[in-house]
Amino acid sequence: HSFIHSFIHITLTMTNRRLQVEPLDPPLDPSKFATTKYTWQELKEIIANDRFPIYRHVDQETTYRLYSRQLKKEWKSVCDFVLHCKFDFGRRLIPTISNENNDSNNANVNPNHISDKNEVLLSDQKCDKKMVDVVDAQTEKPLQPSHDGGMVKNNSHALNLSTLPIIPPPPNGYKWESYSPTSTSEEIMQEPQRVLAMNDFPYYMEDNIEHWCLWKLGGGDVDDQDIRWAKEKLNTRDDILEMQHWINPVQYKSLPDIDHAHIICLTQ
C-alpha cells in the first residue's frame with residue numbers, strides 16, 4: 001500500500017505551518033508511468049532516437065503534481081515561483097480576483113499597501129533555503145530518504161521533498177508574484193541569465209545517474225554554447241563518467257515560459 005493513497009503532510013518548518021495536502025482523486029494509473037528505473041544505456045537510446053517522453057515513477061509523479069497544485073494556489077504562476085527560487089527574483093503579494101471576505105488571518109495585512117501597481121510589501125525577500133519535511137499522516141513519522149534521494153516507505157518511490165525551498169503562505173486573498181527590483185522586463189529578456197541546478201523532480205533513473213536542469217532567462221532559447229557552459233561546470237567534478245543532454249519537445253515541457261535543458265550525469 002503506497003503512501004500516495006493516504007494524506008500527505010508537508011511541514012513548513014520556517015513558519016511552524018503544517019499543510020495537509022489532499023491526495024489526487026482519482027489516483028494516477030501506475031501503468032502509465034515508469035515501473036523500473038531507466039539505465040544509462042536506455043536513456044542514451046531514448047535521447048539519440050528522440051523517443052520522448054521520459055517518465056517518473058507513479059509515486060514521484062503524484063508528489064510532483066501535489067506540490068505543483070499547491071504552488072498554483074499560492075503563486076501567480078509556477079513561472080513566478082521558478083524566477084524567485086532559481087533566479088533570485090524578489091517576491092511580493094498581489095490580491096486575488098476577490099479578497100473581500102478575508103478572515104481574521106489577514107489582520108496584519110494592510111490592503112492599502114497593495115495598489116494596482118503591485119507595490120512591494122516584501123521588497124528584499126529572497127528564496128528561503130529551509131527545507132520541506134514530509135511526514136506520514138497516519139504515523140506522524142518522517143519518511144526516510146534513501147541513498148538515491150527517493151522516499152522509502154512500503155517500497156514506495158516517492159520523491160524526497162527535502163531539497164525543495166519553503167515559502168511562507170500568502171495571507172488569504174493574496175498570492176505571491178516574482179519581480180526584479182533592478183531590471184525591467186525588456187532588460188531581462190536582452191541579458192541572458194543561466195542557472196544550473198539539480199532537478200527537483202527527476203525522472204525514474206538508476207541510483208548512479210544525476211539529473212540536472214539548465215535554466216535560461218532572456219537571450220533566446222538554450223543553445224549549444226549554454227550546454228557547453230553547463231557541462232564545463234559539471235566537468236570540474238572527478239566522479240562524472242559521462243553526460244547526456246536533451247531539450248524536451250514543446251508538448252512535454254512542464255514550464256514552457258522559461259527555456260530549460262536536461263542534463264544527466266553517469267557517476268561512479
# chains A, B, ... in the order shown; residues from 1 in each chain; ligands from 1
>>> residues_around(residues="region 73-84 of chain A", least_positions_apart="3", cutoff="6 Å", atoms="only C-alpha atoms", output="VMD selection string")
chain A and resid 70 87 to 90 175 to 178
>>> write_last_selection(atoms="C-alpha atoms", output="compact mmCIF listing (two decimals), in the first residue's frame")
# COMPACT_ATOMS: atom_id res chain seq x y z
CA GLN A 70 -0.19 23.80 -4.04
CA PHE A 87 16.94 33.30 -10.41
CA ASP A 88 16.70 35.05 -7.02
CA PHE A 89 13.92 37.42 -8.05
CA GLY A 90 12.12 39.13 -5.19
CA LYS A 175 -0.86 35.34 -3.99
CA TRP A 176 2.88 35.68 -4.43
CA GLU A 177 4.38 37.00 -7.64
CA SER A 178 8.03 37.45 -8.56
>>> residues_around(residues="Ala230 (chain A)", least_positions_apart="4", cutoff="10 Å", atoms="only C-alpha atoms", output="number ranges by chain")
A: 194-197, 212-215, 224-226, 234-235, 261, 263
>>> write_last_selection(atoms="C-alpha atoms", output="PDB file, in the first residue's frame")
ATOM      1  CA  ARG A 194      21.705  30.935 -16.687  1.00  0.00           C
ATOM      2  CA  VAL A 195      21.202  28.709 -13.670  1.00  0.00           C
ATOM      3  CA  LEU A 196      22.364  25.113 -13.343  1.00  0.00           C
ATOM      4  CA  ALA A 197      20.563  23.185 -10.601  1.00  0.00           C
ATOM      5  CA  TRP A 212      20.284  18.437 -13.680  1.00  0.00           C
ATOM      6  CA  CYS A 213      18.359  21.311 -15.233  1.00  0.00           C
ATOM      7  CA  LEU A 214      19.905  24.226 -17.079  1.00  0.00           C
ATOM      8  CA  TRP A 215      17.527  27.179 -16.822  1.00  0.00           C
ATOM      9  CA  ASP A 224      24.964  24.821 -27.773  1.00  0.00           C
ATOM     10  CA  GLN A 225      27.006  27.496 -26.023  1.00  0.00           C
ATOM     11  CA  ASP A 226      24.761  27.276 -22.965  1.00  0.00           C
ATOM     12  CA  LEU A 234      29.876  19.757 -14.130  1.00  0.00           C
ATOM     13  CA  ASN A 235      33.166  18.526 -15.568  1.00  0.00           C
ATOM     14  CA  ALA A 261      17.520  21.795 -20.889  1.00  0.00           C
ATOM     15  CA  ILE A 263      21.484  17.148 -18.394  1.00  0.00           C
TER      16      ILE A 263
END
>>> closest_atom_pairs(of="region 216-249 of chain A", to="region 19-41 of chain A", cutoff="12 Å", atoms="only C-alpha atoms", output="JSON lines")
{"residue": "A:Leu241", "atom": "CA", "partner": "A:Trp40", "partner_atom": "CA", "distance": 11.2}
{"residue": "A:Glu242", "atom": "CA", "partner": "A:Trp40", "partner_atom": "CA", "distance": 9.5}
{"residue": "A:Met243", "atom": "CA", "partner": "A:Trp40", "partner_atom": "CA", "distance": 9.8}
{"residue": "A:Gln244", "atom": "CA", "partner": "A:Trp40", "partner_atom": "CA", "distance": 9.5}
>>> residues_around(residues="Asp259 (chain A)", least_positions_apart="4", cutoff="8 Å", atoms="only C-alpha atoms", output="list in words")
Trp215, Lys216, Leu217, Asp221, Val222 and Leu255 of chain A
>>> closest_residue(among="A:Arg237, A:Arg91, A:Arg228, A:His211", to="Leu43 (chain A)", atoms="only C-alpha atoms")
A:His211
>>> residues_around(residues="Asn248 (chain A)", least_positions_apart="6", cutoff="10 Å", atoms="only C-alpha atoms", output="list in words")
Ile47, Asp50, Phe52, Pro53, Ile54, Ser254, Pro256, Asp259, His260, Ala261 and His262 of chain A
>>> atom_distance(atom1="CA of Glu210 (chain A)", atom2="CA of Cys265 (chain A)")
5.1 Å
>>> decode(residues="region 202-243 of chain A", atoms="N, CA and C atoms", output="compact mmCIF listing (two decimals), in the first residue's frame")
# COMPACT_ATOMS: atom_id res chain seq x y z
N PRO A 202 13.20 14.70 -10.55
CA PRO A 202 13.87 13.92 -11.58
C PRO A 202 13.02 12.76 -12.06
N TYR A 203 13.40 12.22 -13.20
CA TYR A 203 12.74 11.03 -13.73
C TYR A 203 13.26 9.80 -12.99
N TYR A 204 12.68 8.66 -13.31
CA TYR A 204 12.95 7.43 -12.55
C TYR A 204 14.19 6.74 -13.13
N MET A 205 15.35 7.11 -12.59
CA MET A 205 16.62 6.65 -13.13
C MET A 205 17.40 5.86 -12.09
N GLU A 206 18.36 5.07 -12.57
CA GLU A 206 19.19 4.30 -11.66
C GLU A 206 19.95 5.22 -10.71
N ASP A 207 20.38 4.64 -9.59
CA ASP A 207 20.92 5.43 -8.49
C ASP A 207 22.17 6.23 -8.84
N ASN A 208 22.95 5.76 -9.80
CA ASN A 208 24.21 6.44 -10.14
C ASN A 208 24.05 7.45 -11.27
N ILE A 209 22.80 7.87 -11.52
CA ILE A 209 22.53 8.87 -12.56
C ILE A 209 21.96 10.12 -11.90
N GLU A 210 22.62 11.25 -12.11
CA GLU A 210 22.13 12.53 -11.60
C GLU A 210 21.37 13.27 -12.69
N HIS A 211 20.35 14.00 -12.29
CA HIS A 211 19.51 14.72 -13.24
C HIS A 211 19.57 16.22 -12.92
N TRP A 212 20.12 16.99 -13.85
CA TRP A 212 20.28 18.44 -13.68
C TRP A 212 19.40 19.18 -14.67
N CYS A 213 19.07 20.42 -14.32
CA CYS A 213 18.36 21.31 -15.23
C CYS A 213 19.19 22.56 -15.46
N LEU A 214 19.29 22.96 -16.70
CA LEU A 214 19.90 24.23 -17.08
C LEU A 214 18.77 25.18 -17.44
N TRP A 215 18.58 26.19 -16.60
CA TRP A 215 17.53 27.18 -16.82
C TRP A 215 18.14 28.41 -17.49
N LYS A 216 17.40 28.97 -18.46
CA LYS A 216 17.89 30.16 -19.15
C LYS A 216 16.78 31.19 -19.25
N LEU A 217 17.09 32.41 -18.85
CA LEU A 217 16.13 33.51 -18.90
C LEU A 217 16.70 34.61 -19.77
N GLY A 218 16.00 34.95 -20.85
CA GLY A 218 16.46 36.00 -21.76
C GLY A 218 17.51 35.50 -22.73
N GLY A 219 17.74 36.29 -23.78
CA GLY A 219 18.77 35.95 -24.76
C GLY A 219 18.43 34.78 -25.65
N GLY A 220 17.15 34.46 -25.81
CA GLY A 220 16.77 33.36 -26.67
C GLY A 220 16.75 32.03 -25.95
N ASP A 221 16.51 30.97 -26.71
CA ASP A 221 16.42 29.63 -26.14
C ASP A 221 17.80 29.09 -25.78
N VAL A 222 17.80 28.00 -25.00
CA VAL A 222 19.05 27.32 -24.67
C VAL A 222 19.72 26.87 -25.97
N ASP A 223 21.01 27.19 -26.13
CA ASP A 223 21.74 26.80 -27.34
C ASP A 223 22.99 26.00 -26.97
N ASP A 224 23.77 25.66 -27.99
CA ASP A 224 24.96 24.82 -27.77
C ASP A 224 25.96 25.48 -26.82
N GLN A 225 26.08 26.79 -26.91
CA GLN A 225 27.01 27.50 -26.02
C GLN A 225 26.57 27.37 -24.56
N ASP A 226 25.27 27.44 -24.32
CA ASP A 226 24.76 27.28 -22.96
C ASP A 226 25.03 25.86 -22.44
N ILE A 227 24.82 24.87 -23.31
CA ILE A 227 25.07 23.48 -22.92
C ILE A 227 26.54 23.29 -22.58
N ARG A 228 27.43 23.85 -23.38
CA ARG A 228 28.86 23.73 -23.10
C ARG A 228 29.20 24.38 -21.76
N TRP A 229 28.61 25.53 -21.50
CA TRP A 229 28.85 26.22 -20.22
C TRP A 229 28.46 25.33 -19.05
N ALA A 230 27.29 24.69 -19.15
CA ALA A 230 26.82 23.85 -18.05
C ALA A 230 27.70 22.61 -17.88
N LYS A 231 28.06 21.99 -18.99
CA LYS A 231 28.87 20.77 -18.90
C LYS A 231 30.27 21.06 -18.38
N GLU A 232 30.80 22.22 -18.72
CA GLU A 232 32.11 22.60 -18.19
C GLU A 232 32.05 22.75 -16.67
N LYS A 233 30.95 23.28 -16.17
CA LYS A 233 30.79 23.39 -14.72
C LYS A 233 30.74 22.00 -14.08
N LEU A 234 29.99 21.10 -14.69
CA LEU A 234 29.88 19.76 -14.13
C LEU A 234 31.18 18.98 -14.27
N ASN A 235 31.93 19.26 -15.31
CA ASN A 235 33.17 18.53 -15.57
C ASN A 235 34.27 18.85 -14.56
N THR A 236 34.06 19.83 -13.71
CA THR A 236 35.05 20.11 -12.68
C THR A 236 35.05 19.02 -11.62
N ARG A 237 34.03 18.17 -11.61
CA ARG A 237 33.97 17.05 -10.68
C ARG A 237 34.69 15.84 -11.27
N ASP A 238 35.30 15.04 -10.42
CA ASP A 238 36.05 13.88 -10.92
C ASP A 238 35.26 12.57 -10.83
N ASP A 239 33.98 12.66 -10.40
CA ASP A 239 33.18 11.43 -10.29
C ASP A 239 32.20 11.26 -11.43
N ILE A 240 32.22 12.16 -12.41
CA ILE A 240 31.31 12.07 -13.55
C ILE A 240 32.01 11.35 -14.69
N LEU A 241 31.40 10.26 -15.14
CA LEU A 241 31.97 9.45 -16.21
C LEU A 241 31.49 9.86 -17.59
N GLU A 242 30.24 10.31 -17.66
CA GLU A 242 29.65 10.61 -18.98
C GLU A 242 28.45 11.52 -18.77
N MET A 243 28.13 12.32 -19.79
CA MET A 243 26.96 13.20 -19.73
C MET A 243 26.15 13.11 -21.01
